[in-house]
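Have a look at the structure below, then the notes.
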Number of protein chains: 2
Amino acid sequence: MRTEEARAKTIERLEREGIVLRGDEKERVEVADFGLGRLGEIGLQLVVYVNNSRYCAKEMVLFPHQTCPEHCHPPVDGGEGKMETFRCRHGKVYLYVEGEDTTGRNCDPPAGNEEYYTVGREIALSPGDQFTIPASTKHWFQAGSSGAVISEFSSPSRDELDVFTNPAIER
Amino acid sequence: MRTEEARAKTIERLEREGIVLRGDEKERVEVADFGLGRLGEIGLQLVVYVNNSRYCAKEMVLFPHQTCPEHCHPPVDGGEGKMETFRCRHGKVYLYVEGEDTTGRNCDPPAGNEEYYTVGREIALSPGDQFTIPASTKHWFQAGSSGAVISEFSSPSRDELDVFTNPAIER
């Protein structure tokens with residue numbers, strides 16, 4: 001899948017769910033393939049509503065079974081790392097965080113990349129469910145078979161500082 | 001309008017717009033009449049998704065022409081006051097903030113309470129529009145004829161410390 005196709009699909013999904021974007025927001029929908037060139041499997045689409053010195057809010061879209069790869073948000077400028085709350089709006093998302101591995105979990109890491117997915121405590125989020133990821137906690141997430149729309153509420157976001165477990169990733 | 005009726009209407013509006021609440025969230029939808037006993041005219045309905053030491057996110061519902069009265073969020077604990085971003089999701093909301101009065105504005109303050117509405121710079125928000133209210137800025141807002149659903153993203157919220165222009169108000 002190409003970036004423009006992914007952007008169009010993202011806008012279409014949000015519209016289908018009744019989430020309204022302005023024209024300028026549609027143009028700046030971000031499509032992240034993390035430099036891996038496997039967007040349909042490993043990627044994330046998002047639109048940032050606000051990101052200031054005090055808080056951040058985004059809408060994120062995942063295509064069916066698409067995975068956002070494992071990463072954490074380290075401490076920044078002497079403060080704490082980013083803390084974030086995922087609220088599932090539509091579809092289903094499986095979030096994996098540090099803690100005891102869940103037995104019989106619902107998702108596998110992307111094929112060939114298993115070594116870069118080290119945390120396995122599963123949090124399954126259906127519409128209306130949410131989970132707050134503490135600062136500096138490794139996590140990754142994957143959509144179910146109908147994809148997912150997730151609102152993220154958080155402390156300020158500095159995506160360029162994210163630390164990915166896979167050293168090949170460029171954000 | 002009574003509190004239970006307002007809660008039911010709020011849930012109904014959110015469902016109609018495709019915004020999913022869990023059962024426990026429906027039960028704690030907050031209906032604020034600000035102690036004035038004129039809920040249909042002066043009130044606010046909201047559900048807080050998350051409010052921690054770093055950020056806050058809520059969904060707010062206004063009924064047609066309902067007004068949230070003028071207030072500001074003062075500095076707290078030696079820090080800055082609450083900063084908040086309103087994103088209109090559905091309907092229309094007219095926000096009034098400090099600054100030069102808008103000529104020919106769309107809303108009037110609730111009858112008999114005019115003296116408690118002192119700021120008059122109008123920001124009209126349609127779905128997809130948003131506005132960030134700086135800390136310690138007086139503001140009030142009123143929905144258009146079809147009501148409004150507004151997402152609020154902000155620094156931590158401590159509603160009990162809000163300072164209302166009308167001294168009769170109890171939050």
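Every chain in the structure tokens takes a letter, A first, then B, and so on in the order presented; its residues are numbered from 1, and the ligands are numbered from 1 following the presented order.
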Up to 6 Å from chain A, what residues of chain B turn up? Count only C-alpha atoms and give them as a compact mmCIF listing (two decimals) with all heavy atoms, in the first residue's frame.
```txt
# COMPACT_ATOMS: atom_id res chain seq x y z
N VAL B 20 -19.23 5.93 21.47
CA VAL B 20 -19.58 4.80 22.32
C VAL B 20 -19.12 5.04 23.76
O VAL B 20 -17.96 5.36 24.02
CB VAL B 20 -18.91 3.50 21.79
CG1 VAL B 20 -19.27 2.32 22.67
CG2 VAL B 20 -19.31 3.24 20.34
N LEU B 21 -20.05 4.88 24.70
CA LEU B 21 -19.71 4.91 26.13
C LEU B 21 -19.94 3.52 26.70
O LEU B 21 -20.87 2.82 26.31
CB LEU B 21 -20.62 5.87 26.89
CG LEU B 21 -20.58 7.35 26.55
CD1 LEU B 21 -21.43 8.13 27.56
CD2 LEU B 21 -19.17 7.90 26.51
N ARG B 22 -19.10 3.14 27.66
CA ARG B 22 -19.33 1.90 28.40
C ARG B 22 -20.50 2.12 29.37
O ARG B 22 -20.86 3.25 29.69
CB ARG B 22 -18.09 1.50 29.20
CG ARG B 22 -16.84 1.25 28.38
CD ARG B 22 -15.74 0.68 29.29
NE ARG B 22 -15.60 1.47 30.52
CZ ARG B 22 -14.82 2.53 30.65
NH1 ARG B 22 -14.09 2.95 29.65
NH2 ARG B 22 -14.75 3.18 31.79
N ARG B 54 -1.34 14.71 34.59
CA ARG B 54 -0.68 15.31 33.42
C ARG B 54 -1.62 15.83 32.34
O ARG B 54 -1.26 16.72 31.59
CB ARG B 54 0.30 14.30 32.85
CG ARG B 54 1.31 13.88 33.93
CD ARG B 54 2.36 12.93 33.44
NE ARG B 54 3.26 13.57 32.48
CZ ARG B 54 4.22 12.91 31.84
NH1 ARG B 54 4.39 11.63 32.04
NH2 ARG B 54 5.00 13.54 31.00
N TYR B 55 -2.81 15.23 32.20
CA TYR B 55 -3.73 15.68 31.15
C TYR B 55 -5.14 15.23 31.47
O TYR B 55 -5.36 14.41 32.37
CB TYR B 55 -3.30 15.15 29.77
CG TYR B 55 -3.10 13.64 29.72
CD1 TYR B 55 -4.18 12.79 29.48
CD2 TYR B 55 -1.85 13.07 29.94
CE1 TYR B 55 -4.00 11.41 29.46
CE2 TYR B 55 -1.67 11.70 29.91
CZ TYR B 55 -2.75 10.87 29.68
OH TYR B 55 -2.58 9.51 29.66
N GLY B 128 -15.27 19.80 13.32
CA GLY B 128 -13.89 19.81 12.83
C GLY B 128 -13.12 21.04 13.25
O GLY B 128 -11.89 21.07 13.19
N SER B 155 -5.01 20.38 30.01
CA SER B 155 -4.19 20.06 31.18
C SER B 155 -5.14 19.55 32.27
O SER B 155 -6.36 19.60 32.10
CB SER B 155 -3.43 21.32 31.60
OG SER B 155 -4.34 22.36 31.89
```
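Those residues that approach Lys138 (chain A) to within 12 Å, counting only C-alpha atoms, are Cys68, Pro69, Glu70, His71, Cys72, His73, Pro74, Gly81, Lys82, Met83, Leu95, Tyr96, Val97, Glu98, Gly99, Tyr116, Tyr117, Thr118, Val119, Gly120, Arg121, Ile133, Pro134, Ala135, Phe141, Asp162, Val163, Phe164 and Thr165 of chain A; same-chain residues fewer than 3 positions away are not listed.
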Output N, CA, C and O atoms of each residue in that selection to a file, as a short mmCIF file (atom, residue, chain, number, x, y, z; two decimals), in the first residue's frame.
```
data_model
loop_
_atom_site.label_atom_id
_atom_site.label_comp_id
_atom_site.auth_asym_id
_atom_site.auth_seq_id
_atom_site.Cartn_x
_atom_site.Cartn_y
_atom_site.Cartn_z
N CYS A 68 1.39 -1.42 15.06
CA CYS A 68 2.31 -0.34 15.41
C CYS A 68 3.42 -0.97 16.23
O CYS A 68 3.16 -1.57 17.28
N PRO A 69 4.65 -0.87 15.77
CA PRO A 69 5.73 -1.64 16.38
C PRO A 69 6.11 -1.20 17.80
O PRO A 69 5.83 -0.09 18.22
N GLU A 70 6.77 -2.12 18.50
CA GLU A 70 7.10 -1.90 19.92
C GLU A 70 8.04 -0.70 20.10
O GLU A 70 9.05 -0.58 19.42
N HIS A 71 7.69 0.13 21.06
CA HIS A 71 8.49 1.32 21.37
C HIS A 71 8.19 1.78 22.77
O HIS A 71 7.25 1.30 23.41
N CYS A 72 9.00 2.73 23.24
CA CYS A 72 8.66 3.42 24.48
C CYS A 72 9.02 4.89 24.34
O CYS A 72 9.71 5.29 23.40
N HIS A 73 8.46 5.68 25.26
CA HIS A 73 8.65 7.13 25.25
C HIS A 73 9.54 7.46 26.44
O HIS A 73 9.07 7.46 27.58
N PRO A 74 10.81 7.73 26.20
CA PRO A 74 11.74 7.93 27.32
C PRO A 74 11.55 9.30 27.97
O PRO A 74 10.87 10.17 27.42
N GLY A 81 8.71 10.65 30.98
CA GLY A 81 8.38 10.30 29.61
C GLY A 81 6.89 10.52 29.35
O GLY A 81 6.11 10.75 30.26
N LYS A 82 6.54 10.41 28.08
CA LYS A 82 5.15 10.61 27.69
C LYS A 82 4.24 9.56 28.32
O LYS A 82 4.56 8.37 28.33
N MET A 83 3.13 10.01 28.83
CA MET A 83 2.10 9.12 29.37
C MET A 83 0.91 9.25 28.43
O MET A 83 0.60 10.35 27.97
N LEU A 95 -3.57 -4.32 22.65
CA LEU A 95 -2.41 -3.57 23.11
C LEU A 95 -1.54 -4.51 23.94
O LEU A 95 -2.05 -5.28 24.75
N TYR A 96 -0.25 -4.44 23.72
CA TYR A 96 0.69 -5.27 24.48
C TYR A 96 1.64 -4.38 25.26
O TYR A 96 2.24 -3.46 24.69
N VAL A 97 1.74 -4.66 26.56
CA VAL A 97 2.56 -3.83 27.44
C VAL A 97 3.43 -4.73 28.32
O VAL A 97 3.31 -5.96 28.31
N GLU A 98 4.30 -4.10 29.08
CA GLU A 98 5.15 -4.84 30.01
C GLU A 98 4.29 -5.52 31.07
O GLU A 98 3.25 -5.03 31.45
N GLY A 99 4.75 -6.65 31.54
CA GLY A 99 4.01 -7.40 32.55
C GLY A 99 4.02 -8.87 32.18
O GLY A 99 4.69 -9.28 31.22
N TYR A 116 11.80 -8.32 17.85
CA TYR A 116 11.64 -6.92 18.25
C TYR A 116 10.33 -6.67 18.98
O TYR A 116 9.93 -5.52 19.17
N TYR A 117 9.67 -7.74 19.36
CA TYR A 117 8.40 -7.64 20.12
C TYR A 117 8.61 -8.43 21.40
O TYR A 117 8.48 -9.65 21.41
N THR A 118 8.95 -7.71 22.47
CA THR A 118 9.43 -8.37 23.70
C THR A 118 8.40 -8.36 24.83
O THR A 118 8.57 -9.08 25.81
N VAL A 119 7.37 -7.53 24.72
CA VAL A 119 6.37 -7.47 25.80
C VAL A 119 5.09 -8.15 25.35
O VAL A 119 4.73 -8.10 24.17
N GLY A 120 4.40 -8.82 26.28
CA GLY A 120 3.29 -9.66 25.86
C GLY A 120 2.11 -9.72 26.82
O GLY A 120 1.32 -10.66 26.79
N ARG A 121 1.96 -8.69 27.63
CA ARG A 121 0.74 -8.62 28.45
C ARG A 121 -0.34 -7.98 27.58
O ARG A 121 -0.19 -6.83 27.17
N ILE A 133 -1.20 4.02 29.46
CA ILE A 133 0.14 3.42 29.44
C ILE A 133 1.07 4.34 30.24
O ILE A 133 1.25 5.51 29.88
N PRO A 134 1.66 3.81 31.33
CA PRO A 134 2.54 4.66 32.13
C PRO A 134 3.76 5.11 31.31
O PRO A 134 4.11 4.49 30.30
N ALA A 135 4.41 6.15 31.76
CA ALA A 135 5.62 6.65 31.09
C ALA A 135 6.68 5.56 31.03
O ALA A 135 6.76 4.69 31.91
N PHE A 141 0.95 -2.42 19.46
CA PHE A 141 -0.47 -2.73 19.33
C PHE A 141 -0.81 -3.12 17.91
O PHE A 141 -0.13 -2.76 16.96
N ASP A 162 10.89 8.81 20.23
CA ASP A 162 10.46 7.45 20.58
C ASP A 162 11.61 6.47 20.36
O ASP A 162 12.38 6.60 19.40
N VAL A 163 11.70 5.51 21.24
CA VAL A 163 12.74 4.49 21.13
C VAL A 163 12.08 3.17 20.72
O VAL A 163 11.27 2.61 21.47
N PHE A 164 12.41 2.71 19.53
CA PHE A 164 11.85 1.47 19.02
C PHE A 164 12.78 0.29 19.31
O PHE A 164 14.00 0.44 19.28
N THR A 165 12.17 -0.85 19.59
CA THR A 165 12.97 -2.04 19.88
C THR A 165 13.73 -2.48 18.63
O THR A 165 14.88 -2.93 18.72
#
```
With a distance cut-off of 12 Å and only C-alpha atoms, select the neighbouring residues of Lys9 (chain A), excluding the residue or stretch itself and same-chain residues fewer than 2 positions from it, and output the selection as number ranges by chain.
A: 1-7, 11-16, 26, 29, 31, 40, 44-46, 61-64, 147
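For the atom pair formed by CA of Glu59 (chain B) and CA of Glu80 (chain B), the distance is 23.0 Å, given to one decimal.
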One decimal place gives the CA of Thr10 (chain A)-CA of Gln66 (chain A) separation as 12.7 Å
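Counting from CA of Ala124 (chain A), the distance to CA of Val93 (chain A) is 6.1 Å.
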Practice item. Go through chain A and collect every residue that DSSP, computed from the backbone, puts in strand (DSSP E); the answer should be as a PyMOL selection string. Key: chain A and resi 30-32+44-51+56-62+67-72+84-97+121-125+130-133+139-154+163-164
So which residues touch Pro110 (chain B) within 9 Å, counting only C-alpha atoms, skipping near sequence neighbours fewer than 2 positions away, as a VMD selection string?
chain B and resid 41 to 42 66 to 67 69 108 112 to 114 117
Output file for the selection above: all heavy atoms, as a PDB file, in the first residue's frame:
```
ATOM      1  N   GLU B  41     -31.546  25.972  30.043  1.00  0.00           N
ATOM      2  CA  GLU B  41     -30.908  27.190  29.512  1.00  0.00           C
ATOM      3  C   GLU B  41     -29.444  27.300  29.904  1.00  0.00           C
ATOM      4  O   GLU B  41     -28.602  27.744  29.124  1.00  0.00           O
ATOM      5  CB  GLU B  41     -31.578  28.448  30.088  1.00  0.00           C
ATOM      6  CG  GLU B  41     -32.984  28.722  29.717  1.00  0.00           C
ATOM      7  CD  GLU B  41     -33.542  29.732  30.724  1.00  0.00           C
ATOM      8  OE1 GLU B  41     -33.420  30.949  30.472  1.00  0.00           O
ATOM      9  OE2 GLU B  41     -34.056  29.294  31.783  1.00  0.00           O
ATOM     10  N   ILE B  42     -29.161  26.972  31.174  1.00  0.00           N
ATOM     11  CA  ILE B  42     -27.806  27.158  31.709  1.00  0.00           C
ATOM     12  C   ILE B  42     -27.351  25.830  32.293  1.00  0.00           C
ATOM     13  O   ILE B  42     -27.799  25.424  33.375  1.00  0.00           O
ATOM     14  CB  ILE B  42     -27.762  28.250  32.810  1.00  0.00           C
ATOM     15  CG1 ILE B  42     -28.402  29.552  32.305  1.00  0.00           C
ATOM     16  CG2 ILE B  42     -26.328  28.486  33.273  1.00  0.00           C
ATOM     17  CD1 ILE B  42     -28.548  30.625  33.385  1.00  0.00           C
ATOM     18  N   GLN B  66     -28.333  25.854  24.885  1.00  0.00           N
ATOM     19  CA  GLN B  66     -27.903  25.786  26.289  1.00  0.00           C
ATOM     20  C   GLN B  66     -26.552  26.504  26.452  1.00  0.00           C
ATOM     21  O   GLN B  66     -25.691  26.424  25.570  1.00  0.00           O
ATOM     22  CB  GLN B  66     -27.768  24.316  26.695  1.00  0.00           C
ATOM     23  CG  GLN B  66     -27.686  24.076  28.200  1.00  0.00           C
ATOM     24  CD  GLN B  66     -27.466  22.594  28.521  1.00  0.00           C
ATOM     25  OE1 GLN B  66     -26.845  21.864  27.744  1.00  0.00           O
ATOM     26  NE2 GLN B  66     -27.966  22.166  29.669  1.00  0.00           N
ATOM     27  N   THR B  67     -26.389  27.176  27.574  1.00  0.00           N
ATOM     28  CA  THR B  67     -25.191  27.986  27.827  1.00  0.00           C
ATOM     29  C   THR B  67     -24.376  27.436  28.999  1.00  0.00           C
ATOM     30  O   THR B  67     -24.933  27.156  30.063  1.00  0.00           O
ATOM     31  CB  THR B  67     -25.603  29.438  28.177  1.00  0.00           C
ATOM     32  OG1 THR B  67     -26.303  30.002  27.069  1.00  0.00           O
ATOM     33  CG2 THR B  67     -24.378  30.300  28.500  1.00  0.00           C
ATOM     34  N   PRO B  69     -21.968  28.796  31.644  1.00  0.00           N
ATOM     35  CA  PRO B  69     -21.750  30.173  32.084  1.00  0.00           C
ATOM     36  C   PRO B  69     -20.274  30.593  32.161  1.00  0.00           C
ATOM     37  O   PRO B  69     -19.377  29.764  32.240  1.00  0.00           O
ATOM     38  CB  PRO B  69     -22.403  30.205  33.470  1.00  0.00           C
ATOM     39  CG  PRO B  69     -22.491  28.796  33.912  1.00  0.00           C
ATOM     40  CD  PRO B  69     -22.557  27.939  32.689  1.00  0.00           C
ATOM     41  N   ASP B 108     -26.935  35.515  22.739  1.00  0.00           N
ATOM     42  CA  ASP B 108     -27.100  36.412  23.879  1.00  0.00           C
ATOM     43  C   ASP B 108     -26.910  35.598  25.151  1.00  0.00           C
ATOM     44  O   ASP B 108     -27.230  34.403  25.177  1.00  0.00           O
ATOM     45  CB  ASP B 108     -28.509  37.003  23.890  1.00  0.00           C
ATOM     46  CG  ASP B 108     -28.722  37.941  22.707  1.00  0.00           C
ATOM     47  OD1 ASP B 108     -27.823  38.759  22.432  1.00  0.00           O
ATOM     48  OD2 ASP B 108     -29.792  37.833  22.063  1.00  0.00           O
ATOM     49  N   GLY B 112     -31.669  37.869  32.042  1.00  0.00           N
ATOM     50  CA  GLY B 112     -31.602  38.237  33.455  1.00  0.00           C
ATOM     51  C   GLY B 112     -30.225  38.057  34.058  1.00  0.00           C
ATOM     52  O   GLY B 112     -29.946  38.514  35.165  1.00  0.00           O
ATOM     53  N   ASN B 113     -29.331  37.388  33.315  1.00  0.00           N
ATOM     54  CA  ASN B 113     -27.970  37.119  33.823  1.00  0.00           C
ATOM     55  C   ASN B 113     -26.910  37.895  33.048  1.00  0.00           C
ATOM     56  O   ASN B 113     -25.723  37.611  33.159  1.00  0.00           O
ATOM     57  CB  ASN B 113     -27.643  35.637  33.713  1.00  0.00           C
ATOM     58  CG  ASN B 113     -28.143  34.814  34.895  1.00  0.00           C
ATOM     59  OD1 ASN B 113     -27.576  33.790  35.239  1.00  0.00           O
ATOM     60  ND2 ASN B 113     -29.203  35.269  35.534  1.00  0.00           N
ATOM     61  N   GLU B 114     -27.340  38.880  32.281  1.00  0.00           N
ATOM     62  CA  GLU B 114     -26.416  39.566  31.366  1.00  0.00           C
ATOM     63  C   GLU B 114     -25.168  40.096  32.061  1.00  0.00           C
ATOM     64  O   GLU B 114     -24.071  40.077  31.494  1.00  0.00           O
ATOM     65  CB  GLU B 114     -27.133  40.725  30.647  1.00  0.00           C
ATOM     66  CG  GLU B 114     -28.203  40.285  29.656  1.00  0.00           C
ATOM     67  CD  GLU B 114     -29.547  39.913  30.284  1.00  0.00           C
ATOM     68  OE1 GLU B 114     -29.669  39.945  31.532  1.00  0.00           O
ATOM     69  OE2 GLU B 114     -30.481  39.598  29.530  1.00  0.00           O
ATOM     70  N   TYR B 117     -21.917  37.995  32.133  1.00  0.00           N
ATOM     71  CA  TYR B 117     -21.302  37.601  30.853  1.00  0.00           C
ATOM     72  C   TYR B 117     -20.561  38.817  30.333  1.00  0.00           C
ATOM     73  O   TYR B 117     -21.155  39.706  29.715  1.00  0.00           O
ATOM     74  CB  TYR B 117     -22.382  37.094  29.893  1.00  0.00           C
ATOM     75  CG  TYR B 117     -22.974  35.785  30.384  1.00  0.00           C
ATOM     76  CD1 TYR B 117     -23.912  35.769  31.420  1.00  0.00           C
ATOM     77  CD2 TYR B 117     -22.535  34.563  29.876  1.00  0.00           C
ATOM     78  CE1 TYR B 117     -24.424  34.578  31.925  1.00  0.00           C
ATOM     79  CE2 TYR B 117     -23.042  33.370  30.374  1.00  0.00           C
ATOM     80  CZ  TYR B 117     -23.977  33.384  31.388  1.00  0.00           C
ATOM     81  OH  TYR B 117     -24.466  32.202  31.894  1.00  0.00           O
TER      82      TYR B 117
END
```
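Using only C-alpha atoms, the shortest contact distance between Ala148 (chain A) and any of A:Leu125, A:Asn166, A:Leu161, A:Ser136 is found at A:Leu125.
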Among region 16-124 of chain B, which residues does DSSP mark as alpha helix (DSSP H) when it is run on the backbone? Keep the chain and numbering as in the structure and answer as a PDB file with C-alpha atoms, in the first residue's frame.
```pdb
ATOM      1  CA  ARG B  16     -26.687   9.002  17.648  1.00  0.00           C
ATOM      2  CA  GLY B  23     -22.145   1.117  30.824  1.00  0.00           C
ATOM      3  CA  ASP B  24     -20.276   2.556  33.812  1.00  0.00           C
ATOM      4  CA  GLU B  25     -19.551   5.733  31.872  1.00  0.00           C
ATOM      5  CA  LYS B  26     -23.229   6.192  31.068  1.00  0.00           C
ATOM      6  CA  GLU B  27     -23.990   6.017  34.770  1.00  0.00           C
TER       7      GLU B  27
END
```
